Amino acid sequence: MKIVFLDAKTIGDDIDLSGFDTLGTVVKYGFSTAGEARERTADADVIILNKVEVNEQTIGKAKNLKLVCVTATGTNNLDKEYLDSRGIAWRNVAGYSTESVAQHTFAMLFYLLEKLRYYDDYVKTDKYVDDVTFTHFAKAFHELSGMTYGIVGLGTIGKRVADIARLFGCRVIYYSTSGKNIQPEYERVEFDGLLAQSDIVSVHAPLNENTRGLMDAAAFSGMKPSAVFLNLGRGPIVVEQDLADALLQGKIAAAGLDVLDAEPMREDNPLRGIKDSEKLLITPHIAWASIEARKRLMQIILNQIKDFFHL
């Protein structure tokens, strides 16, 4: 069996992939263009990828290909009709990053809520040395307990965030982007109601026709001026120019994003101009990527290949 990793760099260099060597010949490429993928998959039995498009152009020469493994939950990059026509199976992975994303959600929230950038800078610039009092009150913050935490998309990750928010003493409400998700533990509300009531709005939804551009100028105008907005779902759920305008105009207090419309960030991204870290925090799509989550992900992929080939 020949296993080809088309974009191994998307997993990270610090994850042990030696388990795959026990299954056959393994070839790893850091990244692959469409043209490179076409040549590199020509004699592959299995391909493992994250972002590479899988279609007739990229795998048309792959005469031995039996299985495509996506190191992610989303499969928008797969031409499933073409795979079906060729009798090629595909697998994705769900649930591997729940704890990691939930943890990062609250890391971002507390950074913004407690003005941690300001206080860290205050001490590191020696302003606290021989200060007049032991507590510096310049940036007031509030307790999370008692706030309303609104979640857009109460799937596996959203539910975990809800459970943690409740432990902190929040009232948790949610909006179902599909209109079908019912979680009796929490109060389901309409979208406008969630925006109006929430002190924190936290997005954990997939990207689809119901969510693309959901967070636009009208949505941000419907939020509290004191609200914190978090997006750990998918970048295109947010209209980034509208978010930039909302932050600059004080329609919301702060935003934390781990995902962007285009990744890596483009030079013309309207959020680039906002340098105030108390107002905007952006992390480079790392919420999913704890060591444990990536190890879990690749173990699941390894087991999928073993199961498929009955090894």
# chains A, B, ... in the order shown; residues from 1 in each chain; ligands from 1
$ select_by_dssp --residues "segment 9-165 of chain A" --states "helix (DSSP H, G or I)" --output "MDAnalysis selection string"
chainID A and resid 9:10 18:22 34:40 56:59 80:86 98:113 116:124 156:165
$ select_by_dssp --residues "segment 100-290 of chain A" --states "strand (DSSP E or B)" --output "MDAnalysis selection string"
chainID A and resid 148:152 171:175 187:188 200:203 215 228:231 238 254:257 280:282
$ residues_around --residues "segment 59-65 of chain A" --least-positions-apart "6" --cutoff "7 Å" --atoms "only C-alpha atoms" --output "mmCIF file with all heavy atoms, in the first residue's frame"
data_model
loop_
_atom_site.group_PDB
_atom_site.id
_atom_site.type_symbol
_atom_site.label_atom_id
_atom_site.label_comp_id
_atom_site.auth_asym_id
_atom_site.auth_seq_id
_atom_site.Cartn_x
_atom_site.Cartn_y
_atom_site.Cartn_z
ATOM 1 N N ALA A 37 -0.374 17.766 -6.961
ATOM 2 C CA ALA A 37 -1.206 16.677 -6.433
ATOM 3 C C ALA A 37 -1.518 15.651 -7.513
ATOM 4 O O ALA A 37 -1.539 14.436 -7.251
ATOM 5 C CB ALA A 37 -2.495 17.236 -5.847
ATOM 6 N N ARG A 38 -1.753 16.114 -8.715
ATOM 7 C CA ARG A 38 -2.071 15.201 -9.825
ATOM 8 C C ARG A 38 -0.941 14.210 -10.053
ATOM 9 O O ARG A 38 -1.187 13.007 -10.264
ATOM 10 C CB ARG A 38 -2.335 16.016 -11.097
ATOM 11 C CG ARG A 38 -2.796 15.182 -12.287
ATOM 12 C CD ARG A 38 -3.175 16.076 -13.452
ATOM 13 N NE ARG A 38 -3.591 15.289 -14.608
ATOM 14 C CZ ARG A 38 -4.821 14.840 -14.803
ATOM 15 N NH1 ARG A 38 -5.760 15.086 -13.904
ATOM 16 N NH2 ARG A 38 -5.136 14.140 -15.887
ATOM 17 N N THR A 41 -0.261 11.845 -6.642
ATOM 18 C CA THR A 41 -1.256 10.824 -6.288
ATOM 19 C C THR A 41 -1.360 9.725 -7.337
ATOM 20 O O THR A 41 -2.170 8.798 -7.177
ATOM 21 C CB THR A 41 -2.643 11.477 -6.117
ATOM 22 O OG1 THR A 41 -3.035 12.103 -7.354
ATOM 23 C CG2 THR A 41 -2.626 12.510 -5.007
ATOM 24 N N ALA A 42 -0.563 9.796 -8.380
ATOM 25 C CA ALA A 42 -0.721 8.887 -9.525
ATOM 26 C C ALA A 42 -0.707 7.417 -9.121
ATOM 27 O O ALA A 42 -1.478 6.609 -9.658
ATOM 28 C CB ALA A 42 0.356 9.166 -10.572
ATOM 29 N N ASP A 43 0.167 7.045 -8.183
ATOM 30 C CA ASP A 43 0.252 5.631 -7.783
ATOM 31 C C ASP A 43 -0.123 5.425 -6.318
ATOM 32 O O ASP A 43 0.261 4.429 -5.702
ATOM 33 C CB ASP A 43 1.653 5.078 -8.054
ATOM 34 C CG ASP A 43 2.741 5.852 -7.322
ATOM 35 O OD1 ASP A 43 2.436 6.925 -6.757
ATOM 36 O OD2 ASP A 43 3.896 5.381 -7.313
ATOM 37 N N ALA A 44 -0.905 6.346 -5.746
ATOM 38 C CA ALA A 44 -1.293 6.249 -4.333
ATOM 39 C C ALA A 44 -2.527 5.367 -4.160
ATOM 40 O O ALA A 44 -3.459 5.400 -4.966
ATOM 41 C CB ALA A 44 -1.573 7.631 -3.774
ATOM 42 N N ASP A 45 -2.511 4.583 -3.093
ATOM 43 C CA ASP A 45 -3.702 3.837 -2.677
ATOM 44 C C ASP A 45 -4.553 4.659 -1.712
ATOM 45 O O ASP A 45 -5.777 4.548 -1.691
ATOM 46 C CB ASP A 45 -3.292 2.533 -1.984
ATOM 47 C CG ASP A 45 -2.544 1.610 -2.901
ATOM 48 O OD1 ASP A 45 -3.182 1.002 -3.776
ATOM 49 O OD2 ASP A 45 -1.305 1.496 -2.769
ATOM 50 N N VAL A 46 -3.865 5.474 -0.899
ATOM 51 C CA VAL A 46 -4.528 6.322 0.096
ATOM 52 C C VAL A 46 -3.894 7.707 0.023
ATOM 53 O O VAL A 46 -2.663 7.817 -0.071
ATOM 54 C CB VAL A 46 -4.359 5.762 1.530
ATOM 55 C CG1 VAL A 46 -5.029 6.690 2.546
ATOM 56 C CG2 VAL A 46 -4.909 4.350 1.628
ATOM 57 N N ILE A 88 -14.290 5.650 -5.130
ATOM 58 C CA ILE A 88 -13.259 5.988 -4.139
ATOM 59 C C ILE A 88 -13.947 6.434 -2.852
ATOM 60 O O ILE A 88 -14.797 7.332 -2.859
ATOM 61 C CB ILE A 88 -12.333 7.101 -4.662
ATOM 62 C CG1 ILE A 88 -11.619 6.647 -5.935
ATOM 63 C CG2 ILE A 88 -11.325 7.516 -3.595
ATOM 64 C CD1 ILE A 88 -10.887 7.754 -6.655
#
$ residues_around --residues "Tyr118 of chain A" --least-positions-apart "6" --cutoff "10 Å" --atoms "only C-alpha atoms" --output "list in words"
Tyr111, Leu112, Lys124, Ala138, Lys139, Asp276, Ser277 and Glu278 of chain A
$ write_last_selection --atoms "all heavy atoms" --output "PDB file, in the first residue's frame"
ATOM      1  N   TYR A 111      -9.089  37.174  27.888  1.00  0.00           N
ATOM      2  CA  TYR A 111      -8.105  38.159  27.426  1.00  0.00           C
ATOM      3  C   TYR A 111      -8.793  39.499  27.160  1.00  0.00           C
ATOM      4  O   TYR A 111      -8.289  40.568  27.541  1.00  0.00           O
ATOM      5  CB  TYR A 111      -7.429  37.646  26.157  1.00  0.00           C
ATOM      6  CG  TYR A 111      -6.377  38.557  25.567  1.00  0.00           C
ATOM      7  CD1 TYR A 111      -5.040  38.429  25.909  1.00  0.00           C
ATOM      8  CD2 TYR A 111      -6.725  39.540  24.633  1.00  0.00           C
ATOM      9  CE1 TYR A 111      -4.069  39.256  25.354  1.00  0.00           C
ATOM     10  CE2 TYR A 111      -5.766  40.373  24.080  1.00  0.00           C
ATOM     11  CZ  TYR A 111      -4.438  40.232  24.441  1.00  0.00           C
ATOM     12  OH  TYR A 111      -3.486  41.039  23.892  1.00  0.00           O
ATOM     13  N   LEU A 112      -9.957  39.441  26.504  1.00  0.00           N
ATOM     14  CA  LEU A 112     -10.682  40.657  26.179  1.00  0.00           C
ATOM     15  C   LEU A 112     -11.481  41.187  27.366  1.00  0.00           C
ATOM     16  O   LEU A 112     -11.469  42.390  27.645  1.00  0.00           O
ATOM     17  CB  LEU A 112     -11.633  40.382  25.004  1.00  0.00           C
ATOM     18  CG  LEU A 112     -10.957  40.054  23.672  1.00  0.00           C
ATOM     19  CD1 LEU A 112     -11.972  39.488  22.685  1.00  0.00           C
ATOM     20  CD2 LEU A 112     -10.276  41.285  23.081  1.00  0.00           C
ATOM     21  N   LYS A 124       4.836  45.288  32.668  1.00  0.00           N
ATOM     22  CA  LYS A 124       6.086  45.074  31.934  1.00  0.00           C
ATOM     23  C   LYS A 124       6.771  46.379  31.526  1.00  0.00           C
ATOM     24  O   LYS A 124       7.970  46.380  31.242  1.00  0.00           O
ATOM     25  CB  LYS A 124       5.831  44.193  30.710  1.00  0.00           C
ATOM     26  CG  LYS A 124       5.610  42.722  31.057  1.00  0.00           C
ATOM     27  CD  LYS A 124       5.670  41.837  29.820  1.00  0.00           C
ATOM     28  CE  LYS A 124       5.746  40.370  30.180  1.00  0.00           C
ATOM     29  NZ  LYS A 124       4.513  39.855  30.768  1.00  0.00           N
ATOM     30  N   ALA A 138      -7.357  51.310  36.395  1.00  0.00           N
ATOM     31  CA  ALA A 138      -7.622  52.097  35.183  1.00  0.00           C
ATOM     32  C   ALA A 138      -8.622  51.437  34.237  1.00  0.00           C
ATOM     33  O   ALA A 138      -9.412  52.118  33.591  1.00  0.00           O
ATOM     34  CB  ALA A 138      -6.321  52.367  34.451  1.00  0.00           C
ATOM     35  N   LYS A 139      -8.566  50.116  34.138  1.00  0.00           N
ATOM     36  CA  LYS A 139      -9.448  49.413  33.193  1.00  0.00           C
ATOM     37  C   LYS A 139     -10.406  48.519  33.970  1.00  0.00           C
ATOM     38  O   LYS A 139     -10.031  47.444  34.446  1.00  0.00           O
ATOM     39  CB  LYS A 139      -8.628  48.581  32.210  1.00  0.00           C
ATOM     40  CG  LYS A 139      -7.682  49.389  31.325  1.00  0.00           C
ATOM     41  CD  LYS A 139      -8.446  50.147  30.250  1.00  0.00           C
ATOM     42  CE  LYS A 139      -7.485  50.859  29.322  1.00  0.00           C
ATOM     43  NZ  LYS A 139      -8.188  51.559  28.229  1.00  0.00           N
ATOM     44  N   ASP A 276      -5.694  47.949  18.258  1.00  0.00           N
ATOM     45  CA  ASP A 276      -6.031  47.978  19.683  1.00  0.00           C
ATOM     46  C   ASP A 276      -6.394  46.571  20.148  1.00  0.00           C
ATOM     47  O   ASP A 276      -7.460  46.046  19.810  1.00  0.00           O
ATOM     48  CB  ASP A 276      -7.204  48.934  19.905  1.00  0.00           C
ATOM     49  CG  ASP A 276      -7.563  49.100  21.378  1.00  0.00           C
ATOM     50  OD1 ASP A 276      -7.015  48.361  22.211  1.00  0.00           O
ATOM     51  OD2 ASP A 276      -8.410  49.972  21.680  1.00  0.00           O
ATOM     52  N   SER A 277      -5.507  45.955  20.928  1.00  0.00           N
ATOM     53  CA  SER A 277      -5.716  44.571  21.361  1.00  0.00           C
ATOM     54  C   SER A 277      -6.795  44.434  22.427  1.00  0.00           C
ATOM     55  O   SER A 277      -7.202  43.317  22.748  1.00  0.00           O
ATOM     56  CB  SER A 277      -4.402  43.975  21.877  1.00  0.00           C
ATOM     57  OG  SER A 277      -3.473  43.859  20.831  1.00  0.00           O
ATOM     58  N   GLU A 278      -7.235  45.545  23.003  1.00  0.00           N
ATOM     59  CA  GLU A 278      -8.375  45.480  23.916  1.00  0.00           C
ATOM     60  C   GLU A 278      -9.675  45.398  23.129  1.00  0.00           C
ATOM     61  O   GLU A 278     -10.686  44.936  23.634  1.00  0.00           O
ATOM     62  CB  GLU A 278      -8.404  46.704  24.819  1.00  0.00           C
ATOM     63  CG  GLU A 278      -7.240  46.778  25.788  1.00  0.00           C
ATOM     64  CD  GLU A 278      -7.280  48.065  26.580  1.00  0.00           C
ATOM     65  OE1 GLU A 278      -8.368  48.401  27.109  1.00  0.00           O
ATOM     66  OE2 GLU A 278      -6.243  48.736  26.673  1.00  0.00           O
TER      67      GLU A 278
END
$ residues_around --residues "segment 255-261 of chain A" --least-positions-apart "6" --cutoff "9 Å" --atoms "only C-alpha atoms" --output "JSON, numbers by chain"
{"A": [104, 105, 108, 109, 112, 227, 228, 229, 230, 231, 232, 233, 234, 235, 236, 237, 238, 239, 240, 243, 247, 269, 278, 279, 280, 281, 282, 283, 284, 285, 286, 287]}
$ residues_around --residues "Asp242 of chain A" --least-positions-apart "2" --cutoff "8 Å" --atoms "only C-alpha atoms" --output "VMD selection string"
chain A and resid 216 to 217 220 239 to 240 244 to 246
$ write_last_selection --atoms "C-alpha atoms" --output "PDB file, in the first residue's frame"
ATOM      1  CA  ASP A 216     -23.274  41.445   9.161  1.00  0.00           C
ATOM      2  CA  ALA A 217     -23.867  45.131   9.879  1.00  0.00           C
ATOM      3  CA  PHE A 220     -23.699  43.866  14.984  1.00  0.00           C
ATOM      4  CA  VAL A 239     -18.730  40.081   7.059  1.00  0.00           C
ATOM      5  CA  GLU A 240     -15.323  41.414   8.068  1.00  0.00           C
ATOM      6  CA  ALA A 244     -14.410  46.398  11.534  1.00  0.00           C
ATOM      7  CA  ASP A 245     -16.988  49.181  11.258  1.00  0.00           C
ATOM      8  CA  ALA A 246     -18.859  47.920  14.339  1.00  0.00           C
TER       9      ALA A 246
END
$ closest_residue --among "A:Thr156, A:Gln304, A:Thr33, A:Thr125" --to "Ser97 of chain A" --atoms "only C-alpha atoms"
A:Thr156
$ atom_distance --atom1 "atom CA of Leu311 of chain A" --atom2 "atom CA of Lys28 of chain A"
21.5 Å
$ residues_around --residues "segment 3-16 of chain A" --least-positions-apart "3" --cutoff "6 Å" --atoms "only C-alpha atoms" --output "list in words"
Val26, Val27, Lys28, Tyr29, Gly30, Phe31, Ser32, Ala44, Val46, Ile47, Ile48 and Leu49 of chain A
$ write_last_selection --atoms "all heavy atoms" --output "PDB file, in the first residue's frame"
ATOM      1  N   VAL A  26       5.091   5.236   2.818  1.00  0.00           N
ATOM      2  CA  VAL A  26       4.508   6.533   3.152  1.00  0.00           C
ATOM      3  C   VAL A  26       5.368   7.640   2.547  1.00  0.00           C
ATOM      4  O   VAL A  26       6.585   7.658   2.728  1.00  0.00           O
ATOM      5  CB  VAL A  26       4.400   6.725   4.680  1.00  0.00           C
ATOM      6  CG1 VAL A  26       3.824   8.109   5.001  1.00  0.00           C
ATOM      7  CG2 VAL A  26       3.531   5.637   5.298  1.00  0.00           C
ATOM      8  N   VAL A  27       4.732   8.541   1.833  1.00  0.00           N
ATOM      9  CA  VAL A  27       5.416   9.704   1.254  1.00  0.00           C
ATOM     10  C   VAL A  27       4.714  10.950   1.779  1.00  0.00           C
ATOM     11  O   VAL A  27       3.484  11.056   1.708  1.00  0.00           O
ATOM     12  CB  VAL A  27       5.377   9.690  -0.285  1.00  0.00           C
ATOM     13  CG1 VAL A  27       6.082  10.927  -0.848  1.00  0.00           C
ATOM     14  CG2 VAL A  27       5.999   8.415  -0.826  1.00  0.00           C
ATOM     15  N   LYS A  28       5.506  11.888   2.310  1.00  0.00           N
ATOM     16  CA  LYS A  28       4.939  13.109   2.888  1.00  0.00           C
ATOM     17  C   LYS A  28       5.413  14.328   2.104  1.00  0.00           C
ATOM     18  O   LYS A  28       6.611  14.520   1.918  1.00  0.00           O
ATOM     19  CB  LYS A  28       5.344  13.252   4.356  1.00  0.00           C
ATOM     20  CG  LYS A  28       4.944  12.100   5.252  1.00  0.00           C
ATOM     21  CD  LYS A  28       5.310  12.413   6.707  1.00  0.00           C
ATOM     22  CE  LYS A  28       5.088  11.199   7.607  1.00  0.00           C
ATOM     23  NZ  LYS A  28       6.113  10.169   7.393  1.00  0.00           N
ATOM     24  N   TYR A  29       4.452  15.128   1.677  1.00  0.00           N
ATOM     25  CA  TYR A  29       4.740  16.416   1.064  1.00  0.00           C
ATOM     26  C   TYR A  29       4.205  17.511   1.990  1.00  0.00           C
ATOM     27  O   TYR A  29       3.096  17.396   2.521  1.00  0.00           O
ATOM     28  CB  TYR A  29       4.062  16.529  -0.299  1.00  0.00           C
ATOM     29  CG  TYR A  29       4.551  15.514  -1.301  1.00  0.00           C
ATOM     30  CD1 TYR A  29       3.803  14.372  -1.578  1.00  0.00           C
ATOM     31  CD2 TYR A  29       5.772  15.683  -1.961  1.00  0.00           C
ATOM     32  CE1 TYR A  29       4.250  13.422  -2.499  1.00  0.00           C
ATOM     33  CE2 TYR A  29       6.226  14.747  -2.879  1.00  0.00           C
ATOM     34  CZ  TYR A  29       5.463  13.617  -3.138  1.00  0.00           C
ATOM     35  OH  TYR A  29       5.918  12.686  -4.044  1.00  0.00           O
ATOM     36  N   GLY A  30       5.004  18.548   2.188  1.00  0.00           N
ATOM     37  CA  GLY A  30       4.570  19.628   3.083  1.00  0.00           C
ATOM     38  C   GLY A  30       3.311  20.299   2.577  1.00  0.00           C
ATOM     39  O   GLY A  30       2.333  20.463   3.315  1.00  0.00           O
ATOM     40  N   PHE A  31       3.321  20.692   1.306  1.00  0.00           N
ATOM     41  CA  PHE A  31       2.165  21.303   0.650  1.00  0.00           C
ATOM     42  C   PHE A  31       2.136  20.823  -0.792  1.00  0.00           C
ATOM     43  O   PHE A  31       3.170  20.435  -1.348  1.00  0.00           O
ATOM     44  CB  PHE A  31       2.247  22.837   0.693  1.00  0.00           C
ATOM     45  CG  PHE A  31       2.282  23.403   2.082  1.00  0.00           C
ATOM     46  CD1 PHE A  31       3.480  23.798   2.658  1.00  0.00           C
ATOM     47  CD2 PHE A  31       1.119  23.539   2.815  1.00  0.00           C
ATOM     48  CE1 PHE A  31       3.524  24.312   3.941  1.00  0.00           C
ATOM     49  CE2 PHE A  31       1.139  24.054   4.102  1.00  0.00           C
ATOM     50  CZ  PHE A  31       2.344  24.441   4.670  1.00  0.00           C
ATOM     51  N   SER A  32       0.972  20.890  -1.413  1.00  0.00           N
ATOM     52  CA  SER A  32       0.830  20.472  -2.812  1.00  0.00           C
ATOM     53  C   SER A  32      -0.126  21.395  -3.542  1.00  0.00           C
ATOM     54  O   SER A  32      -1.228  21.673  -3.047  1.00  0.00           O
ATOM     55  CB  SER A  32       0.298  19.035  -2.909  1.00  0.00           C
ATOM     56  OG  SER A  32       1.167  18.107  -2.289  1.00  0.00           O
ATOM     57  N   ALA A  44      -0.905   6.346  -5.746  1.00  0.00           N
ATOM     58  CA  ALA A  44      -1.293   6.249  -4.333  1.00  0.00           C
ATOM     59  C   ALA A  44      -2.527   5.367  -4.160  1.00  0.00           C
ATOM     60  O   ALA A  44      -3.459   5.400  -4.966  1.00  0.00           O
ATOM     61  CB  ALA A  44      -1.573   7.631  -3.774  1.00  0.00           C
ATOM     62  N   VAL A  46      -3.865   5.474  -0.899  1.00  0.00           N
ATOM     63  CA  VAL A  46      -4.528   6.322   0.096  1.00  0.00           C
ATOM     64  C   VAL A  46      -3.894   7.707   0.023  1.00  0.00           C
ATOM     65  O   VAL A  46      -2.663   7.817  -0.071  1.00  0.00           O
ATOM     66  CB  VAL A  46      -4.359   5.762   1.530  1.00  0.00           C
ATOM     67  CG1 VAL A  46      -5.029   6.690   2.546  1.00  0.00           C
ATOM     68  CG2 VAL A  46      -4.909   4.350   1.628  1.00  0.00           C
ATOM     69  N   ILE A  47      -4.711   8.745   0.058  1.00  0.00           N
ATOM     70  CA  ILE A  47      -4.159  10.085   0.214  1.00  0.00           C
ATOM     71  C   ILE A  47      -4.731  10.720   1.477  1.00  0.00           C
ATOM     72  O   ILE A  47      -5.904  10.502   1.826  1.00  0.00           O
ATOM     73  CB  ILE A  47      -4.408  10.988  -1.011  1.00  0.00           C
ATOM     74  CG1 ILE A  47      -5.908  11.121  -1.321  1.00  0.00           C
ATOM     75  CG2 ILE A  47      -3.650  10.470  -2.215  1.00  0.00           C
ATOM     76  CD1 ILE A  47      -6.188  12.138  -2.433  1.00  0.00           C
ATOM     77  N   ILE A  48      -3.882  11.460   2.165  1.00  0.00           N
ATOM     78  CA  ILE A  48      -4.252  12.143   3.398  1.00  0.00           C
ATOM     79  C   ILE A  48      -4.015  13.631   3.177  1.00  0.00           C
ATOM     80  O   ILE A  48      -2.934  14.031   2.730  1.00  0.00           O
ATOM     81  CB  ILE A  48      -3.432  11.629   4.590  1.00  0.00           C
ATOM     82  CG1 ILE A  48      -3.675  10.122   4.781  1.00  0.00           C
ATOM     83  CG2 ILE A  48      -3.783  12.394   5.863  1.00  0.00           C
ATOM     84  CD1 ILE A  48      -2.779   9.478   5.827  1.00  0.00           C
ATOM     85  N   LEU A  49      -5.006  14.448   3.458  1.00  0.00           N
ATOM     86  CA  LEU A  49      -4.908  15.876   3.151  1.00  0.00           C
ATOM     87  C   LEU A  49      -5.823  16.672   4.059  1.00  0.00           C
ATOM     88  O   LEU A  49      -6.693  16.123   4.726  1.00  0.00           O
ATOM     89  CB  LEU A  49      -5.307  16.105   1.689  1.00  0.00           C
ATOM     90  CG  LEU A  49      -6.693  15.565   1.323  1.00  0.00           C
ATOM     91  CD1 LEU A  49      -7.736  16.661   1.336  1.00  0.00           C
ATOM     92  CD2 LEU A  49      -6.672  14.837   0.000  1.00  0.00           C
TER      93      LEU A  49
END
